[in-house]
Structure formats: C-alpha cells, structure tokens
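Engineer: Following this line is coords.pdb, made up of PDB, C-alpha atoms:
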```pdb
ATOM      1  CA  MET Q   1       0.000   0.000   0.000
ATOM      2  CA  ALA Q   2       2.883   2.341   0.822
ATOM      3  CA  VAL Q   3       4.334   1.893  -2.640
ATOM      4  CA  ARG Q   4       0.999   2.581  -4.296
ATOM      5  CA  TYR Q   5       0.511   5.703  -2.183
ATOM      6  CA  GLU Q   6       3.959   7.009  -3.144
ATOM      7  CA  ASP Q   7       3.267   6.274  -6.813
ATOM      8  CA  ALA Q   8      -0.045   8.099  -6.612
ATOM      9  CA  GLU Q   9       1.567  11.054  -4.871
ATOM     10  CA  ARG Q  10       4.335  11.183  -7.486
ATOM     11  CA  SER Q  11       1.773  11.077 -10.306
ATOM     12  CA  GLN Q  12      -0.167  13.894  -8.692
ATOM     13  CA  ARG Q  13       2.973  16.059  -8.514
ATOM     14  CA  VAL Q  14       3.808  15.357 -12.176
ATOM     15  CA  GLY Q  15       0.244  16.116 -13.214
ATOM     16  CA  SER Q  16       0.269  19.404 -11.338
ATOM     17  CA  ARG Q  17       3.367  20.461 -13.271
ATOM     18  CA  LEU Q  18       1.794  19.616 -16.611
ATOM     19  CA  ILE Q  19      -1.592  21.183 -15.823
ATOM     20  CA  PRO Q  20      -1.371  23.772 -13.032
ATOM     21  CA  ALA Q  21      -4.207  23.475 -10.538
ATOM     22  CA  SER Q  22      -4.885  27.199 -10.904
ATOM     23  CA  TRP Q  23      -5.743  26.757 -14.588
ATOM     24  CA  ILE Q  24      -8.222  23.987 -13.779
ATOM     25  CA  ARG Q  25      -9.673  26.075 -10.982
ATOM     26  CA  TYR Q  26     -10.101  29.158 -13.159
ATOM     27  CA  TRP Q  27     -11.339  27.394 -16.290
ATOM     28  CA  PRO Q  28     -14.923  28.652 -15.693
ATOM     29  CA  LEU Q  29     -13.539  32.201 -15.527
ATOM     30  CA  PHE Q  30     -11.824  31.733 -18.892
ATOM     31  CA  VAL Q  31     -15.055  30.399 -20.435
ATOM     32  CA  ASN Q  32     -17.144  33.244 -19.012
ATOM     33  CA  LEU Q  33     -14.686  35.900 -20.183
ATOM     34  CA  THR Q  34     -14.659  34.368 -23.666
ATOM     35  CA  ARG Q  35     -18.461  34.365 -23.774
ATOM     36  CA  ARG Q  36     -18.508  37.973 -22.615
ATOM     37  CA  GLU Q  37     -16.012  38.902 -25.331
ATOM     38  CA  ILE Q  38     -18.264  37.393 -28.012
ATOM     39  CA  ARG Q  39     -21.483  38.865 -26.600
ATOM     40  CA  GLN Q  40     -20.077  42.386 -26.231
ATOM     41  CA  ARG Q  41     -19.061  42.516 -29.876
ATOM     42  CA  TYR Q  42     -22.626  42.137 -31.080
ATOM     43  CA  LYS Q  43     -24.610  43.346 -28.057
ATOM     44  CA  GLY Q  44     -27.575  45.484 -29.068
ATOM     45  CA  SER Q  45     -27.202  44.810 -32.813
ATOM     46  CA  VAL Q  46     -30.151  43.538 -34.815
ATOM     47  CA  LEU Q  47     -28.155  41.023 -36.851
ATOM     48  CA  GLY Q  48     -26.025  39.853 -33.926
ATOM     49  CA  LEU Q  49     -23.555  37.128 -34.918
ATOM     50  CA  GLY Q  50     -24.455  37.718 -38.556
ATOM     51  CA  TRP Q  51     -21.906  40.546 -38.525
ATOM     52  CA  THR Q  52     -19.140  37.935 -38.319
ATOM     53  CA  LEU Q  53     -19.805  37.315 -42.028
ATOM     54  CA  ILE Q  54     -21.415  40.576 -43.175
ATOM     55  CA  THR Q  55     -18.397  42.729 -42.325
ATOM     56  CA  PRO Q  56     -15.826  40.581 -44.192
ATOM     57  CA  VAL Q  57     -18.179  40.272 -47.184
ATOM     58  CA  ILE Q  58     -18.351  44.076 -47.421
ATOM     59  CA  MET Q  59     -14.541  44.249 -47.140
ATOM     60  CA  VAL Q  60     -14.150  41.614 -49.854
ATOM     61  CA  ALA Q  61     -16.477  43.562 -52.178
ATOM     62  CA  ALA Q  62     -14.485  46.780 -51.709
ATOM     63  CA  TYR Q  63     -11.051  45.153 -52.089
ATOM     64  CA  TYR Q  64     -12.249  43.078 -55.039
ATOM     65  CA  ALA Q  65     -13.198  46.233 -56.929
ATOM     66  CA  VAL Q  66      -9.870  47.936 -56.168
ATOM     67  CA  PHE Q  67      -7.513  45.058 -56.920
ATOM     68  CA  THR Q  68      -9.235  43.723 -60.024
ATOM     69  CA  VAL Q  69      -9.713  47.152 -61.601
ATOM     70  CA  ILE Q  70      -6.541  49.036 -60.595
ATOM     71  CA  TRP Q  71      -3.931  46.284 -60.185
ATOM     72  CA  LYS Q  72      -5.598  43.887 -62.625
ATOM     73  CA  ILE Q  73      -5.202  40.821 -60.377
ATOM     74  CA  THR Q  74      -6.279  37.829 -62.456
ATOM     75  CA  ILE Q  75      -6.616  35.099 -59.829
ATOM     76  CA  PRO Q  76      -9.701  33.004 -60.663
ATOM     77  CA  TRP Q  77     -12.445  33.279 -58.045
ATOM     78  CA  TYR Q  78     -10.558  36.212 -56.544
ATOM     79  CA  ALA Q  79     -13.388  37.076 -54.111
ATOM     80  CA  VAL Q  80     -13.116  33.624 -52.525
ATOM     81  CA  PHE Q  81      -9.318  33.999 -52.377
ATOM     82  CA  LEU Q  82      -9.740  37.313 -50.536
ATOM     83  CA  PHE Q  83     -12.288  35.909 -48.107
ATOM     84  CA  LEU Q  84     -10.013  33.013 -47.165
ATOM     85  CA  ASN Q  85      -7.039  35.313 -46.599
ATOM     86  CA  LEU Q  86      -9.113  37.757 -44.558
ATOM     87  CA  ALA Q  87     -10.121  34.850 -42.304
ATOM     88  CA  THR Q  88      -6.420  34.134 -41.723
ATOM     89  CA  TRP Q  89      -5.680  37.822 -41.104
ATOM     90  CA  THR Q  90      -8.609  38.079 -38.683
ATOM     91  CA  LEU Q  91      -7.278  35.150 -36.684
ATOM     92  CA  PHE Q  92      -3.789  36.670 -36.497
ATOM     93  CA  PHE Q  93      -4.043  40.448 -36.397
ATOM     94  CA  GLY Q  94      -7.462  40.545 -34.763
ATOM     95  CA  GLY Q  95      -6.085  38.242 -32.066
ATOM     96  CA  ILE Q  96      -2.991  40.271 -31.212
ATOM     97  CA  ALA Q  97      -4.958  43.544 -31.360
ATOM     98  CA  VAL Q  98      -7.592  42.493 -28.820
ATOM     99  CA  ALA Q  99      -4.948  40.819 -26.648
ATOM    100  CA  ALA Q 100      -2.794  43.951 -26.511
ATOM    101  CA  ALA Q 101      -5.647  46.059 -25.132
ATOM    102  CA  SER Q 102      -7.262  43.379 -22.963
ATOM    103  CA  LEU Q 103      -5.449  43.895 -19.645
ATOM    104  CA  VAL Q 104      -5.882  47.674 -19.704
ATOM    105  CA  GLN Q 105      -9.557  47.325 -20.585
ATOM    106  CA  ASN Q 106     -10.031  44.891 -17.686
ATOM    107  CA  ALA Q 107      -7.946  46.851 -15.182
ATOM    108  CA  SER Q 108     -10.636  46.680 -12.476
ATOM    109  CA  LEU Q 109     -10.649  42.890 -12.657
ATOM    110  CA  VAL Q 110      -6.856  42.642 -12.575
ATOM    111  CA  THR Q 111      -6.495  44.941  -9.557
ATOM    112  CA  LYS Q 112      -9.269  43.469  -7.446
ATOM    113  CA  VAL Q 113      -9.203  39.706  -8.043
ATOM    114  CA  SER Q 114      -6.334  37.210  -7.786
ATOM    115  CA  PHE Q 115      -6.150  34.821 -10.746
ATOM    116  CA  PRO Q 116      -3.701  33.925 -13.551
ATOM    117  CA  ARG Q 117      -3.472  37.152 -15.554
ATOM    118  CA  GLN Q 118      -2.907  35.258 -18.790
ATOM    119  CA  ILE Q 119      -6.583  34.313 -18.757
ATOM    120  CA  ILE Q 120      -7.612  37.805 -19.857
ATOM    121  CA  PRO Q 121      -5.616  38.066 -23.118
ATOM    122  CA  LEU Q 122      -6.208  34.376 -23.832
ATOM    123  CA  SER Q 123      -9.976  34.796 -23.503
ATOM    124  CA  ALA Q 124      -9.844  37.904 -25.713
ATOM    125  CA  MET Q 125      -8.009  35.944 -28.409
ATOM    126  CA  ALA Q 126     -10.417  33.018 -28.027
ATOM    127  CA  GLY Q 127     -13.343  35.369 -28.568
ATOM    128  CA  ASN Q 128     -11.694  36.781 -31.684
ATOM    129  CA  SER Q 129     -10.987  33.281 -33.012
ATOM    130  CA  PHE Q 130     -14.756  32.628 -32.980
ATOM    131  CA  THR Q 131     -15.129  35.217 -35.749
ATOM    132  CA  ALA Q 132     -12.159  33.868 -37.707
ATOM    133  CA  LEU Q 133     -13.297  30.249 -37.482
ATOM    134  CA  ALA Q 134     -16.795  31.232 -38.637
ATOM    135  CA  MET Q 135     -15.173  32.789 -41.703
ATOM    136  CA  PHE Q 136     -13.083  29.656 -42.298
ATOM    137  CA  ALA Q 137     -16.224  27.515 -42.013
ATOM    138  CA  VAL Q 138     -17.596  29.379 -45.041
ATOM    139  CA  ALA Q 139     -14.401  30.049 -47.005
ATOM    140  CA  VAL Q 140     -12.929  26.527 -46.962
ATOM    141  CA  PRO Q 141     -15.920  24.633 -48.448
ATOM    142  CA  ILE Q 142     -16.436  27.296 -51.109
ATOM    143  CA  SER Q 143     -12.732  27.171 -52.020
ATOM    144  CA  LEU Q 144     -12.885  23.411 -52.405
ATOM    145  CA  VAL Q 145     -15.973  23.642 -54.613
ATOM    146  CA  VAL Q 146     -14.965  26.438 -56.989
ATOM    147  CA  THR Q 147     -11.255  25.664 -57.413
ATOM    148  CA  GLY Q 148      -9.797  22.714 -59.227
ATOM    149  CA  GLY Q 149      -6.868  21.911 -56.968
ATOM    150  CA  GLU Q 150      -6.078  18.625 -55.293
ATOM    151  CA  ARG Q 151      -8.523  18.221 -52.418
ATOM    152  CA  GLU Q 152      -6.183  16.256 -50.113
ATOM    153  CA  THR Q 153      -3.983  19.338 -49.639
ATOM    154  CA  VAL Q 154      -6.659  20.756 -47.335
ATOM    155  CA  LEU Q 155      -5.254  18.343 -44.730
ATOM    156  CA  ALA Q 156      -2.454  20.869 -44.255
ATOM    157  CA  LEU Q 157      -4.953  23.435 -42.934
ATOM    158  CA  PRO Q 158      -5.418  22.121 -39.353
ATOM    159  CA  PRO Q 159      -1.680  21.967 -38.496
ATOM    160  CA  MET Q 160      -1.099  25.370 -40.098
ATOM    161  CA  LEU Q 161      -3.964  26.860 -38.070
ATOM    162  CA  ILE Q 162      -2.471  25.346 -34.914
ATOM    163  CA  LEU Q 163       0.911  26.887 -35.726
ATOM    164  CA  LEU Q 164      -0.697  30.246 -36.505
ATOM    165  CA  GLY Q 165      -2.646  29.997 -33.245
ATOM    166  CA  MET Q 166       0.578  29.382 -31.315
ATOM    167  CA  PHE Q 167       2.246  32.329 -33.037
ATOM    168  CA  THR Q 168      -0.750  34.582 -32.305
ATOM    169  CA  VAL Q 169      -1.004  33.524 -28.657
ATOM    170  CA  GLY Q 170       2.702  34.079 -28.065
ATOM    171  CA  LEU Q 171       2.755  37.511 -29.694
ATOM    172  CA  GLY Q 172      -0.565  38.417 -28.051
ATOM    173  CA  LEU Q 173       0.706  37.577 -24.550
ATOM    174  CA  LEU Q 174       3.876  39.576 -25.156
ATOM    175  CA  LEU Q 175       2.014  42.656 -26.427
ATOM    176  CA  ALA Q 176      -0.594  42.450 -23.661
ATOM    177  CA  ALA Q 177       2.106  42.445 -20.979
ATOM    178  CA  VAL Q 178       4.161  45.243 -22.534
ATOM    179  CA  ASN Q 179       1.065  47.399 -23.126
ATOM    180  CA  VAL Q 180       0.421  47.533 -19.385
ATOM    181  CA  TYR Q 181       3.679  49.456 -18.946
ATOM    182  CA  PHE Q 182       3.783  51.235 -22.321
ATOM    183  CA  ARG Q 183       0.240  52.151 -23.372
ATOM    184  CA  ASP Q 184       1.435  53.210 -26.820
ATOM    185  CA  VAL Q 185       1.571  49.569 -27.921
ATOM    186  CA  GLU Q 186      -2.128  49.219 -28.703
ATOM    187  CA  HIS Q 187      -2.144  52.564 -30.546
ATOM    188  CA  ILE Q 188       0.881  51.529 -32.594
ATOM    189  CA  LEU Q 189      -0.950  48.349 -33.608
ATOM    190  CA  VAL Q 190      -3.933  50.386 -34.787
ATOM    191  CA  ALA Q 191      -1.616  52.669 -36.761
ATOM    192  CA  ILE Q 192       0.315  49.886 -38.518
ATOM    193  CA  GLY Q 193      -2.658  47.590 -39.090
ATOM    194  CA  LEU Q 194      -3.674  49.061 -42.452
ATOM    195  CA  PRO Q 195      -0.209  49.250 -44.058
ATOM    196  CA  TRP Q 196       0.630  45.822 -42.619
ATOM    197  CA  ILE Q 197      -2.315  44.143 -44.313
ATOM    198  CA  PHE Q 198      -1.327  45.675 -47.666
ATOM    199  CA  ILE Q 199       2.250  44.383 -47.549
ATOM    200  CA  SER Q 200       1.035  40.940 -46.465
ATOM    201  CA  PRO Q 201      -0.054  38.315 -49.037
ATOM    202  CA  ILE Q 202      -3.761  38.962 -48.442
ATOM    203  CA  PHE Q 203      -4.524  40.537 -51.799
ATOM    204  CA  TRP Q 204      -1.872  38.779 -53.843
ATOM    205  CA  SER Q 205      -0.094  35.463 -54.167
ATOM    206  CA  PRO Q 206       3.598  34.880 -54.956
ATOM    207  CA  ALA Q 207       2.634  34.203 -58.583
ATOM    208  CA  ASN Q 208       1.392  37.776 -59.114
ATOM    209  CA  PHE Q 209       3.694  39.556 -56.682
ATOM    210  CA  GLU Q 210       5.479  41.267 -59.573
ATOM    211  CA  ARG Q 211       2.239  42.994 -60.554
ATOM    212  CA  ILE Q 212       1.927  44.473 -57.055
ATOM    213  CA  ALA Q 213       5.624  45.422 -56.778
ATOM    214  CA  PRO Q 214       7.099  45.608 -60.294
ATOM    215  CA  GLY Q 215      10.268  47.200 -58.949
ATOM    216  CA  LEU Q 216      11.174  43.943 -57.209
ATOM    217  CA  ALA Q 217      10.682  41.760 -60.271
ATOM    218  CA  ASN Q 218      14.399  41.261 -60.865
ATOM    219  CA  ASN Q 219      15.608  41.518 -57.286
ATOM    220  CA  GLU Q 220      15.087  38.157 -55.653
ATOM    221  CA  LEU Q 221      17.026  39.073 -52.497
ATOM    222  CA  VAL Q 222      14.860  42.118 -51.749
ATOM    223  CA  ALA Q 223      11.725  40.146 -52.576
ATOM    224  CA  ASN Q 224      12.728  37.405 -50.119
ATOM    225  CA  LEU Q 225      13.489  39.966 -47.411
ATOM    226  CA  PHE Q 226      10.118  41.596 -48.093
ATOM    227  CA  TYR Q 227       8.522  38.175 -47.694
ATOM    228  CA  TYR Q 228      10.340  36.581 -44.767
ATOM    229  CA  LEU Q 229      10.706  39.740 -42.660
ATOM    230  CA  ASN Q 230       6.915  39.803 -42.500
ATOM    231  CA  PRO Q 231       6.274  36.995 -39.952
ATOM    232  CA  PRO Q 232       2.617  36.169 -40.803
ATOM    233  CA  ALA Q 233       3.355  35.947 -44.567
ATOM    234  CA  PRO Q 234       4.524  32.290 -44.656
ATOM    235  CA  PHE Q 235       1.488  31.243 -42.583
ATOM    236  CA  ILE Q 236      -0.920  33.046 -44.911
ATOM    237  CA  ILE Q 237       0.668  31.668 -48.066
ATOM    238  CA  ALA Q 238       0.815  28.114 -46.705
ATOM    239  CA  ILE Q 239      -2.902  28.282 -45.872
ATOM    240  CA  HIS Q 240      -4.133  29.682 -49.187
ATOM    241  CA  LYS Q 241      -1.830  27.358 -51.128
ATOM    242  CA  SER Q 242      -3.259  24.269 -49.443
ATOM    243  CA  VAL Q 243      -6.916  25.334 -49.401
ATOM    244  CA  PHE Q 244      -7.398  27.545 -52.452
ATOM    245  CA  PHE Q 245      -4.715  26.506 -54.943
ATOM    246  CA  GLY Q 246      -4.620  22.826 -54.001
ATOM    247  CA  VAL Q 247      -0.842  22.847 -53.551
ATOM    248  CA  TRP Q 248       1.066  21.502 -50.558
ATOM    249  CA  PRO Q 249       2.869  24.248 -48.597
ATOM    250  CA  SER Q 250       6.573  24.474 -49.329
ATOM    251  CA  ALA Q 251       9.019  22.982 -46.839
ATOM    252  CA  THR Q 252      10.523  26.440 -46.328
ATOM    253  CA  ASP Q 253       7.183  27.939 -45.315
ATOM    254  CA  VAL Q 254       6.409  25.049 -42.973
ATOM    255  CA  ILE Q 255       9.814  25.162 -41.271
ATOM    256  CA  TYR Q 256       9.591  28.953 -40.947
ATOM    257  CA  SER Q 257       6.113  28.645 -39.424
ATOM    258  CA  VAL Q 258       7.184  25.983 -36.910
ATOM    259  CA  VAL Q 259      10.189  28.011 -35.770
ATOM    260  CA  ALA Q 260       8.276  31.304 -35.645
ATOM    261  CA  ALA Q 261       5.381  29.756 -33.703
ATOM    262  CA  THR Q 262       7.693  28.077 -31.180
ATOM    263  CA  VAL Q 263       9.832  31.167 -30.616
ATOM    264  CA  ALA Q 264       6.839  33.510 -30.351
ATOM    265  CA  LEU Q 265       5.018  31.261 -27.879
ATOM    266  CA  ALA Q 266       8.083  30.773 -25.690
ATOM    267  CA  ALA Q 267       8.920  34.496 -25.767
ATOM    268  CA  GLY Q 268       5.327  35.488 -25.000
ATOM    269  CA  ILE Q 269       5.056  33.170 -21.994
ATOM    270  CA  TRP Q 270       8.459  34.248 -20.650
ATOM    271  CA  VAL Q 271       7.834  37.991 -21.010
ATOM    272  CA  PHE Q 272       4.365  37.738 -19.505
ATOM    273  CA  LYS Q 273       5.666  35.856 -16.469
ATOM    274  CA  ARG Q 274       8.426  38.419 -15.956
ATOM    275  CA  LEU Q 275       6.069  41.408 -16.157
ATOM    276  CA  GLN Q 276       2.915  40.146 -14.476
ATOM    277  CA  ARG Q 277       4.069  40.745 -10.883
ATOM    278  CA  GLU Q 278       3.657  44.531 -11.026
ATOM    279  CA  MET Q 279       0.687  44.646 -13.399
ATOM    280  CA  ALA Q 280      -1.856  45.419 -10.673
ATOM    281  CA  VAL Q 281       0.274  48.329  -9.491
ATOM    282  CA  GLU Q 282       0.713  49.745 -13.011
ATOM    283  CA  LEU Q 283      -2.995  49.476 -13.728
TER     284      LEU Q 283
END
```
Please render this file's structure as structure tokens.

Structural biologist:
Amino acid sequence: MAVRYEDAERSQRVGSRLIPASWIRYWPLFVNLTRREIRQRYKGSVLGLGWTLITPVIMVAAYYAVFTVIWKITIPWYAVFLFLNLATWTLFFGGIAVAAASLVQNASLVTKVSFPRQIIPLSAMAGNSFTALAMFAVAVPISLVVTGGERETVLALPPMLILLGMFTVGLGLLLAAVNVYFRDVEHILVAIGLPWIFISPIFWSPANFERIAPGLANNELVANLFYYLNPPAPFIIAIHKSVFFGVWPSATDVIYSVVAATVALAAGIWVFKRLQREMAVEL
C-alpha cells in the first residue's frame, strides 16, 4: 500500500506540473470571459452574430473592386481567395490587437481579483478566433468547390492553423504584458494595421507579386526579405496554397512557421511571467 501511495503522490505532482491546478480552478472564468467577449461585440445589434460574415463580405467587395480594376489581379475566383485570406488575417491580427488592449480594458478585474493574468488576453483571443473560425467555415468549403486543386492538400490546414494559433497567442501575450507598462503599444498596432495588411499576401499570391511590386521583379534578395521579414506571410501563403490553390505548402514555409510559432510562444510566456508581478500596481 505504501508503494501505491507514493506512486499516486508522485503522479499527482507530475500532473500538477503539466496542468497547473490554478488553470483547472479558473477554467470557468476563462469560459465566461470568452463568452462575454463574443457577446459584447454584437450586443444590441439587430443582426447579432451575422456581422461575423457581413463585415468581411463588405470588405471583400471593396477590395475586389480595387484590386481587379486598378492592379488587374487575375486570380480566378478572386473574391473567394480574398475571403479566405481575410479569415487568416482576422485570426492573427485581430487576435494580437484584442490581446494587446485586454489587460488595460479589464484593469478593475486585474487589480481586485487574484487569478492567472494570462486568462484575460487568452480569452480575448479566443473570442476573436470565434469570428475567424466562422469565416473559415464558409471560405474553406467554397474554395474546395470552386477551385480545381487537389482536395487532399486541405489536410495541411489544421496543423497550419495550430501553428498560426501558437504564433498569435505568443505575440498576443507579449504585447498584452508590454502594453500595461507602455500604453502606446495598442495605438501603434492600430496605426500599422492598415499598411501591414497591404504588404502581407492577403490581396496577392507569390505568382502575381510582380504585378503588385514591379520594382522587385528582378531583385530576388529584396523580394525574399520583403517576404520573410513579414512573420505572418509564410502562414498566410501556406494556408491559401493548401486550401485555395490545391498545392502543398513548401518545406521552407512550414519550417519557418514551426520556428516562428515556437519562438513567439516561448517568448510570450516568458515575457508575460516576468512582467505580471507589477501589473496590478501599473494598472
């Protein structure tokens, strides 16, 4: 019996390291905060959750007119291509944007209640992912129907979404923690959001990149720097390659995504832990 008791005690200690008791204890808080995040977005609106699709459809219509008329993008089913990429962008940029502002917006909760502070930005990102996943639920089936690519490449989507989720969570935690001490962070994100989306492969694919930036047509080095110095770019391209074009993501994009996701997640967790001690005081 003594041996069994020691084994059980050892297992309990190992389990507590893998899944902290505080996270199990505060799981209902995470769920409630996520629900509140979703409800507040559409509270008082007539169409409610319908705006998760109406807003991106309006954006697609506007961008479709601009990029097919001015830049003469000739991607077949370009509206579907845009919708899929906007779903990816919503998951990434929407996630880090709401995470960055989350702790400041919930200052009263942080200063009055003791709980793992990570729950607040994580719940904000979870609420944002609801919108993104709703868009994916529409964009993916339509892409598979209207395009003629190999259908088995869509199997690359789940692991790429997991990697993008890791990257978003890591960067979101980092920005949320830093924004507590430097409130300019969330304003900087708002300022760079529009130019960032235009230099990201949302409206173009590598095949027609020269049409968007003709000056880089013969400069492969600059083009690669333009591509790989923009961290979400390989994620976006890997996703629309596998879902829309029916092509397996390149090994370079996959390796880049794995490394970027791992580094971002580790950095986000480390920075958040280092800065969370004085958050209540700063807020």

Engineer: Neighbouring residues of region 108-117 of chain Q were defined as those with any atom within 10 Å, considering only C-alpha atoms; residues of the same chain fewer than 2 positions away were excluded. Please report them as a list in words.

Structural biologist: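 Listed by chain and then number, they are Ser22, Trp23, Arg25, Tyr26, Leu29, Phe30, Leu103, Val104, Gln105, Asn106, Ile119, Ile120, Pro121, Leu122, Leu173, Ala177, Phe272, Lys273, Gln276, Arg277, Met279, Ala280, Val281, Glu282 and Leu283 of chain Q.
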
Engineer: Report as a ChimeraX atom specification all protein, DNA and RNA residues lying within 8 Å of Leu155 (chain Q), evaluated on all atoms listed in the file, omitting residues in the same chain fewer than 3 positions from it.

Structural biologist: /Q:152,158,242

Engineer: Evaluate the PyMOL selection byres ((chain Q and resi 38) around 10) on the structure here and hand back the selected residues as a list of chain:residue names.

Structural biologist: Q:Asn32, Q:Leu33, Q:Thr34, Q:Arg35, Q:Arg36, Q:Glu37, Q:Arg39, Q:Gln40, Q:Arg41, Q:Tyr42, Q:Lys43, Q:Leu49, Q:Ser123, Q:Ala124, Q:Ala126, Q:Gly127, Q:Asn128, Q:Ser129, Q:Phe130, Q:Thr131

Engineer: Take the PyMOL selection byres ((chain Q and resi 201) around 7), run it mentally on this structure, and tell me the resulting residues as a count of residues only.

Structural biologist: 9

Engineer: Leaving out region 84-93 of chain Q and any residue of its chain fewer than 2 positions from it, which residues lie within 9 Å of it when counting only C-alpha atoms, given as a ChimeraX atom specification?

Structural biologist: /Q:56,59-60,79-82,95-98,125,128-136,138-140,143,161,164-165,167-169,189,193,197,201-203,232,235-237,239-240,243-244

Engineer: Enter the distance from CA of Leu175 (chain Q) to CA of Ser102 (chain Q), in Å, rounded to one decimal.

Structural biologist: 9.9 Å

Engineer: Just want the 6 Å neighbourhood of region 260-268 of chain Q, counted on all atoms listed in the file, with same-chain residues fewer than 5 positions away dropped. Output as a list in words.

Structural biologist: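 These residues fall inside the cut-off: Leu163, Met166, Phe167, Gly170, Leu171, Leu173 and Leu174 of chain Q.
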
Engineer: Have a look at CA of Ala191 (chain Q) and CA of Tyr63 (chain Q) and let me know their distance in Å, one decimal.

Structural biologist: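 Computed distance, CA of Ala191 (chain Q) to CA of Tyr63 (chain Q), equals 19.5 Å.
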
Engineer: Using only C-alpha atoms, which residue out of Q:Ile70, Q:Ala101, Q:Val31, Q:Ile24 lies closest to His187 (chain Q)?

Structural biologist: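 Of all the options, Q:Ala101 lies closest to His187 (chain Q).
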
Engineer: For CA of Leu144 (chain Q) and CA of Phe83 (chain Q), quote the distance in Å rounded to one decimal.

Structural biologist: 13.2 Å

Engineer: Point out the residue among Q:Gln118, Q:Val254, Q:Arg151, Q:Pro159 with the least atom-to-atom distance to Ala99 (chain Q), counting only C-alpha atoms.

Structural biologist: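 Closest to Ala99 (chain Q) of all the choices is Q:Gln118.
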
Engineer: Report, as AutoDock Vina command-line options, the axis-aligned box around all atoms of region 61-65 of chain Q present in the file, extended by 5 Å on each side; give centre and edge lengths in Å to one decimal place.

Structural biologist:
```
--center_x -13.8 --center_y 44.9 --center_z -54.3 --size_x 15.4 --size_y 13.7 --size_z 15.2
```
